[in-house]
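Scroll down for the structure; my scribbles are underneath it.
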Amino acid sequence: MNSSIVMAGGGIGGLAAAWRCAEAGVNVRLFERAPAFTEVGAGIQLGPNVTRMVQAWGLDAALQAVAAYPALLQVRQALSGQVTGQLRWGDDALARYGAPYVTLHRADLHQLLLDALHAQGRVRLHLNQGVKGYTLETQGLQVQLDDGAAVHADALVGADGLWSRVRAQRLGDAPARFSGHLAYRAMLVQADLPAALRSHQVTVWLGPQLHVVQYPVRRGELLNVVAIVHGQAPQDLSSWDHSANAADLQRALGAVCPALQALIDAVPAWRLWPVCDRPPLHSAAELAQGRVALLGDAAHPMRPYLAQGAGMALEDADALGRCLALPEGDLPAQLAQYAQMRWQRNARVQQRAIRNGQIFHAQGLLRWGRDTATRLLGERLLDVPWLYNGP
């Protein structure tokens, strides 16, 4: 008889994991607390480590229909506007890694995975019903739902995000921490922008205690803009979508160069996201133990300074599916193998993201050294082969 798992959470990681586990022959029931499968509007960057996987899943055509394919990553100084370095993507990414670098709207990636699940037809999806907790039994576990009902399963996978209830019960650790950084987000229609502000590349503007990232999404029709500055935490850390005051952002940015200021001024409204994370993983047991596993932000939330949060959740999903596809065996052992496959890579990405944030926001001599190194080393400094060649 096939194993059965309950998947908690219907975000990108949860949908991908449910699909990959069903492909492995596992019976999957996915429970999502929200009344509809939706994603907050924001951009996502997927490196060759992820797009190579998406191609192997047979979803490349679906990805091409919604993604943008920037040919260049450019680094500029926020105060002077000077270009300090660049990394070629496009055909160069295909030559180096055999897969492209893409940027897309988070909702488009979410819908792509949901469509794959519907087409597959082997996952039972439950909306407006979250996983509240679980009780271990001699064989399997009982999963308690928000409405008081319970379902039996052989295993539970918590893909329920940064504020995971599955994690809270299994690890009992402290809540996610506020990083001290605030992300102001906006999505602009490119056709409505002056020609000088339209862009089909990834541009990173670096300044003291700040940086701004812009890149195209949805086939290049939209421009995603994220400005990250230092600031105080809002009262509700759990929300990804606070209203934001443009004057607060401008005060935090200070006097930036005219080109960047023009982009900031073109944004009609900002949304605010407090950047939270957890310390890097230090053992496989944090990812899985017994019949309960964690995935994506529930396991290893990370700062966005390596653009790999979604990518690591998708890598997790693929690894979980591959472990469960192994010849009939002990399910806890398969989950333990998943954890062993993933924890060190996720920890390394978490550590690098924290370090990148420190470098991006550097001041004084460190800032001068960063800009000098970027000018001298260029692509050798900006490229990340250990990441893009993986997992």
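Convention: chains lettered A, B, ... in structure tokens order; per-chain residue numbering from 1; ligands numbered from 1 as shown.
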Would you write out, as a tab-separated table, a table of all residues in stretch 7-61 of chain A that have an atom no more than 10 Å from an atom of stretch 291-305 of chain A, listing for each the closest atom pair and the distance in Å to one decimal, considering only C-alpha atoms and ordering rows by chain and rising residue number?
```
residue	atom	partner	partner_atom	distance
A:Met7	CA	A:Ala293	CA	9.7
A:Ala8	CA	A:Leu294	CA	9.5
A:Gly9	CA	A:Ala298	CA	9.7
A:Gly11	CA	A:Gly296	CA	9.6
A:Ile12	CA	A:Gly296	CA	8.8
A:Gly13	CA	A:Gly296	CA	5.9
A:Gly14	CA	A:Leu295	CA	7.9
A:Ala17	CA	A:Leu295	CA	8.5
A:Ile44	CA	A:Pro304	CA	9.8
```
- Do a neighbour search on stretch 102-118 of chain A at 6 Å with only C-alpha atoms, toss out local chain neighbours closer than 6 positions, and write the hits as a PyMOL selection string. chain A and resi 12+19+39+42-46+67-69+217-218
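Pairwise distance (atom CA of A:Gly254, atom CA of A:Leu79) equals 8.9 Å.
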- Å distance separating atom CA of A:Glu137 from atom CA of A:Ala150, one decimal place: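 Rounded to one decimal, the two atoms are 12.9 Å apart.
Remark: for A:Gly321, the closest of the candidate residues A:Val131, A:Gly25, A:Leu253, A:Val6 is A:Gly25 (distances computed over only C-alpha atoms).
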- Could you give me, as a list in words, the residues within 8 Å of A:His282, counting only C-alpha atoms and dropping anything in the same chain fewer than 2 positions from it?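 These residues fall inside the cut-off: Pro280, Ala284, Glu286, Trp343, Gln344 and Ala347 of chain A.
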- Task: Apply DSSP to the structure's backbone, then extract all residues of stretch 85-228 of chain A labelled helix (DSSP H, G or I) and return them as a PyMOL selection string.
- Result: chain A and resi 91-97+106-120+165-171+190-192+195-197+218-220
- Distance criterion (only C-alpha atoms): nearest to A:Leu94 out of A:Asn49, A:Val75, A:Cys276, A:Asp192: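 Closest to A:Leu94, using only C-alpha atoms: A:Asn49.
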- Contacts of A:Val204 at 12 Å or less, counting only C-alpha atoms, minus same-chain residues fewer than 6 places along, as a PyMOL selection string? chain A and resi 72-78+81-87+210-215+224-228+260+305-307+360-361+382
Could you build a table of the residues in stretch 55-170 of chain A lying no more than 10 Å from stretch 176-191 of chain A, giving for each the nearest pair of atoms and their separation in Å rounded to one decimal place, using only C-alpha atoms, ordered by chain and ascending residue number, as a tab-separated table?
```
residue	atom	partner	partner_atom	distance
A:His105	CA	A:Met187	CA	9.3
A:Leu162	CA	A:Ala176	CA	6.9
A:Trp163	CA	A:Ala176	CA	7.2
A:Ser164	CA	A:Ala176	CA	9.7
```
- Query: In Å, how far is it from atom CA of A:Thr51 to atom CA of A:Leu387?
  - Reply: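 Atom CA of A:Leu387 lies 12.5 Å from atom CA of A:Thr51.
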- DSSP strand (DSSP E) selection over stretch 129-341 of chain A, as an NGL selection string: :A and (131-136 or 141-145 or 150-153 or 155-158 or 177-189 or 202-207 or 210-217 or 222-230 or 242-243 or 271-277 or 288-289 or 292-294)
